[in-house]
Amino acid sequence: MAVRLLFAAISPALALADPCAGLYGAEALTCAWEADVGTCIQNECRGCGGEQCQHCRQDSERIHQCCDKHWHSTTPPKMCADAEVEEDIKTCVEEQCHCFGGEQCDLCHEDAARIAQCCAKYDAGAQPEICKVEQPDVDPCAGLYGAEALTCVWEADASTCIDKECAGCSGEQCQLCHQEAAKVHRCCQDHEHSTTPPKMCADAFVDTCMAEQCDGCGGEQCQLCREDASHIERCCSKYEATGASGICAARAKQAIVP
């Protein structure tokens with residue numbers, strides 16, 4: 001009798017300890033999945049403290065890994081669905097930036113327009129916090145003056161133009177789109193400023209100019225055309241080519257060799 005009373009006393013406590021008690025079927029599986037993920041994250045973040053601990057438990061990559069590790073054949077809990085979406089958006093931004101560190105890379109990853117573009121494929125209700133936080137615009141030309149500021153603004157305007165032209169691309173296709181000389185040249189022309197062109201515009205001008213000079217060629221003939229000194233001279237001597245690298249830089253170096 002005493003044993004029966006003891007079980008009666010502790011059973012409610014045990015039931016309260018189980019967050020999935022009373023659930024059945026898919027709902028119970030989803031709940032168990034979430035509970036397992038919660039335990040996984042706690043184990044992953046063991047030993048942390050304060051704000052560091054909060055960041056650890058909210059890290060979408062860590063949550064996503066725990067969700068994969070404790071996968072159940074049912075509808076995923078919201079925390080897993082949100083983490084998967086956020087990781088997908090991060091991958092999208094990474095593919096567009098295609099960089100490997102440094103300040104410019106950080107600015108690219110934090111660019112609000114780029115993030116918004118990657119978030120656009122998800123319904124507003126399914127978008128994670130990365131999509132909802134309004135990010136301050138970063139002025140890449142702040143602190144610059146005169147011709148240097150104009151060149152910077154020209155480059156920023158041209159880059160925005162290229163981003164719009166390549167909207168919706170992904171992976172290698174996106175990289176090729178952003179590097180297409182004709183597209184870069186067109187955006188540079190559309191946003192021209194009365195100053196020395198940025199390197200990206202100068203290079204694009206030369207590439208486009210050389211392509212026009214050698215239009216219709218093929219194979220070895222095309223290579224010879226692109227190496228033709230008169231063509232290089234014609235394209236590099238234009239004012240738009242100021243600051244261009246590649247063949248123009250080589251030409252300039254040859255010119256000063258006695």
# chains A, B, ... in the order shown; residues from 1 in each chain; ligands from 1

call {"tool": "select_by_dssp", "arguments": {"residues": "stretch 25-103 of chain A", "states": "alpha helix (DSSP H)", "output": "JSON, numbers by chain"}}
result
{"A": [25, 26, 27, 28, 29, 30, 31, 32, 33, 34, 35, 36, 37, 38, 39, 40, 41, 42, 43, 44, 50, 51, 52, 53, 54, 55, 56, 57, 58, 60, 61, 62, 63, 64, 65, 66, 67, 68, 69, 78, 79, 80, 81, 82, 83, 84, 85, 86, 87, 88, 89, 90, 91, 92, 93, 94, 95, 96, 97, 103]}

call {"tool": "residues_around", "arguments": {"residues": "A:Pro140", "least_positions_apart": "3", "cutoff": "10 Å", "atoms": "only C-alpha atoms", "output": "JSON, numbers by chain"}}
result
{"A": [104, 107, 137, 143, 144, 149, 152, 153, 155, 156]}

call {"tool": "write_last_selection", "arguments": {"atoms": "C-alpha atoms", "output": "compact mmCIF listing (two decimals), in the first residue's frame"}}
result
# COMPACT_ATOMS: atom_id res chain seq x y z
CA GLN A 104 35.24 44.00 -47.82
CA LEU A 107 30.68 44.30 -45.63
CA ASP A 137 23.57 51.17 -44.66
CA GLY A 143 35.78 59.89 -45.28
CA LEU A 144 36.87 60.28 -48.90
CA ALA A 149 35.33 60.16 -53.43
CA CYS A 152 34.47 55.48 -55.03
CA VAL A 153 30.87 56.59 -55.69
CA GLU A 155 32.36 52.08 -58.27
CA ALA A 156 29.57 51.78 -55.69

call {"tool": "residues_around", "arguments": {"residues": "stretch 224-235 of chain A", "least_positions_apart": "3", "cutoff": "7 Å", "atoms": "only C-alpha atoms", "output": "list in words"}}
result
Val206, Cys209, Met210, Gln213, Cys214, Glu220, Gln221 and Lys238 of chain A

call {"tool": "write_last_selection", "arguments": {"atoms": "N, CA and C atoms", "output": "PDB file, in the first residue's frame"}}
result
ATOM      1  N   VAL A 206      38.633  47.953 -71.216  1.00  0.00           N
ATOM      2  CA  VAL A 206      39.677  47.359 -72.055  1.00  0.00           C
ATOM      3  C   VAL A 206      39.230  46.000 -72.590  1.00  0.00           C
ATOM      4  N   CYS A 209      36.634  46.592 -75.230  1.00  0.00           N
ATOM      5  CA  CYS A 209      37.276  47.185 -76.404  1.00  0.00           C
ATOM      6  C   CYS A 209      38.026  46.123 -77.207  1.00  0.00           C
ATOM      7  N   MET A 210      38.770  45.270 -76.516  1.00  0.00           N
ATOM      8  CA  MET A 210      39.525  44.218 -77.197  1.00  0.00           C
ATOM      9  C   MET A 210      38.589  43.207 -77.850  1.00  0.00           C
ATOM     10  N   GLN A 213      37.449  44.719 -81.012  1.00  0.00           N
ATOM     11  CA  GLN A 213      38.523  44.728 -82.012  1.00  0.00           C
ATOM     12  C   GLN A 213      38.659  43.359 -82.669  1.00  0.00           C
ATOM     13  N   CYS A 214      38.447  42.324 -81.875  1.00  0.00           N
ATOM     14  CA  CYS A 214      38.672  40.955 -82.359  1.00  0.00           C
ATOM     15  C   CYS A 214      37.362  40.206 -82.586  1.00  0.00           C
ATOM     16  N   GLU A 220      43.405  30.291 -82.567  1.00  0.00           N
ATOM     17  CA  GLU A 220      44.720  30.935 -82.539  1.00  0.00           C
ATOM     18  C   GLU A 220      44.663  32.347 -83.110  1.00  0.00           C
ATOM     19  N   GLN A 221      43.825  32.523 -84.127  1.00  0.00           N
ATOM     20  CA  GLN A 221      43.673  33.845 -84.746  1.00  0.00           C
ATOM     21  C   GLN A 221      43.196  34.870 -83.720  1.00  0.00           C
ATOM     22  N   LYS A 238      42.789  54.965 -74.437  1.00  0.00           N
ATOM     23  CA  LYS A 238      41.538  55.678 -74.166  1.00  0.00           C
ATOM     24  C   LYS A 238      41.514  56.148 -72.715  1.00  0.00           C
TER      25      LYS A 238
END

call {"tool": "residues_around", "arguments": {"residues": "stretch 84-101 of chain A", "least_positions_apart": "3", "cutoff": "7 Å", "atoms": "only C-alpha atoms", "output": "PyMOL selection string"}}
result
chain A and resi 60-61+64+80-81+105-106+108-109+114-115+118-119+128+170-171+174

call {"tool": "residues_around", "arguments": {"residues": "stretch 32-36 of chain A", "least_positions_apart": "5", "cutoff": "7 Å", "atoms": "only C-alpha atoms", "output": "number ranges by chain"}}
result
A: 20, 70-72, 77

call {"tool": "atom_distance", "arguments": {"atom1": "atom CA of A:Cys141", "atom2": "atom CA of A:Asp203"}}
result
20.8 Å

call {"tool": "atom_distance", "arguments": {"atom1": "atom CA of A:Ala158", "atom2": "atom CA of A:His191"}}
result
6.1 Å

call {"tool": "atom_distance", "arguments": {"atom1": "atom CA of A:Cys56", "atom2": "atom CA of A:Asn43"}}
result
10.8 Å

call {"tool": "residues_around", "arguments": {"residues": "A:Arg186", "least_positions_apart": "3", "cutoff": "12 Å", "atoms": "only C-alpha atoms", "output": "number ranges by chain"}}
result
A: 157-159, 161-162, 165, 180-183, 189-192, 200-202, 204-205, 208

call {"tool": "write_last_selection", "arguments": {"atoms": "C-alpha atoms", "output": "mmCIF file, in the first residue's frame"}}
result
data_model
loop_
_atom_site.group_PDB
_atom_site.id
_atom_site.type_symbol
_atom_site.label_atom_id
_atom_site.label_comp_id
_atom_site.auth_asym_id
_atom_site.auth_seq_id
_atom_site.Cartn_x
_atom_site.Cartn_y
_atom_site.Cartn_z
ATOM 1 C CA ASP A 157 26.921 52.828 -58.212
ATOM 2 C CA ALA A 158 28.288 50.460 -60.849
ATOM 3 C CA SER A 159 28.390 47.595 -58.325
ATOM 4 C CA CYS A 161 23.863 48.190 -61.055
ATOM 5 C CA ILE A 162 25.669 44.862 -61.570
ATOM 6 C CA GLU A 165 21.591 42.856 -63.403
ATOM 7 C CA GLU A 180 31.101 39.693 -67.374
ATOM 8 C CA ALA A 181 33.055 42.543 -68.965
ATOM 9 C CA ALA A 182 30.241 43.808 -71.182
ATOM 10 C CA LYS A 183 27.838 43.992 -68.241
ATOM 11 C CA GLN A 189 28.977 53.850 -68.509
ATOM 12 C CA ASP A 190 25.475 54.280 -67.097
ATOM 13 C CA HIS A 191 26.895 55.629 -63.827
ATOM 14 C CA GLU A 192 29.892 57.538 -65.154
ATOM 15 C CA MET A 200 36.775 47.511 -62.324
ATOM 16 C CA CYS A 201 35.478 49.959 -64.936
ATOM 17 C CA ALA A 202 38.870 50.504 -66.547
ATOM 18 C CA ALA A 204 35.963 46.179 -68.217
ATOM 19 C CA PHE A 205 36.450 48.915 -70.786
ATOM 20 C CA THR A 208 35.140 45.113 -74.050
#

call {"tool": "closest_residue", "arguments": {"among": "A:Gly25, A:Lys78, A:Ile41, A:Lys132", "to": "A:His55", "atoms": "only C-alpha atoms"}}
result
A:Ile41
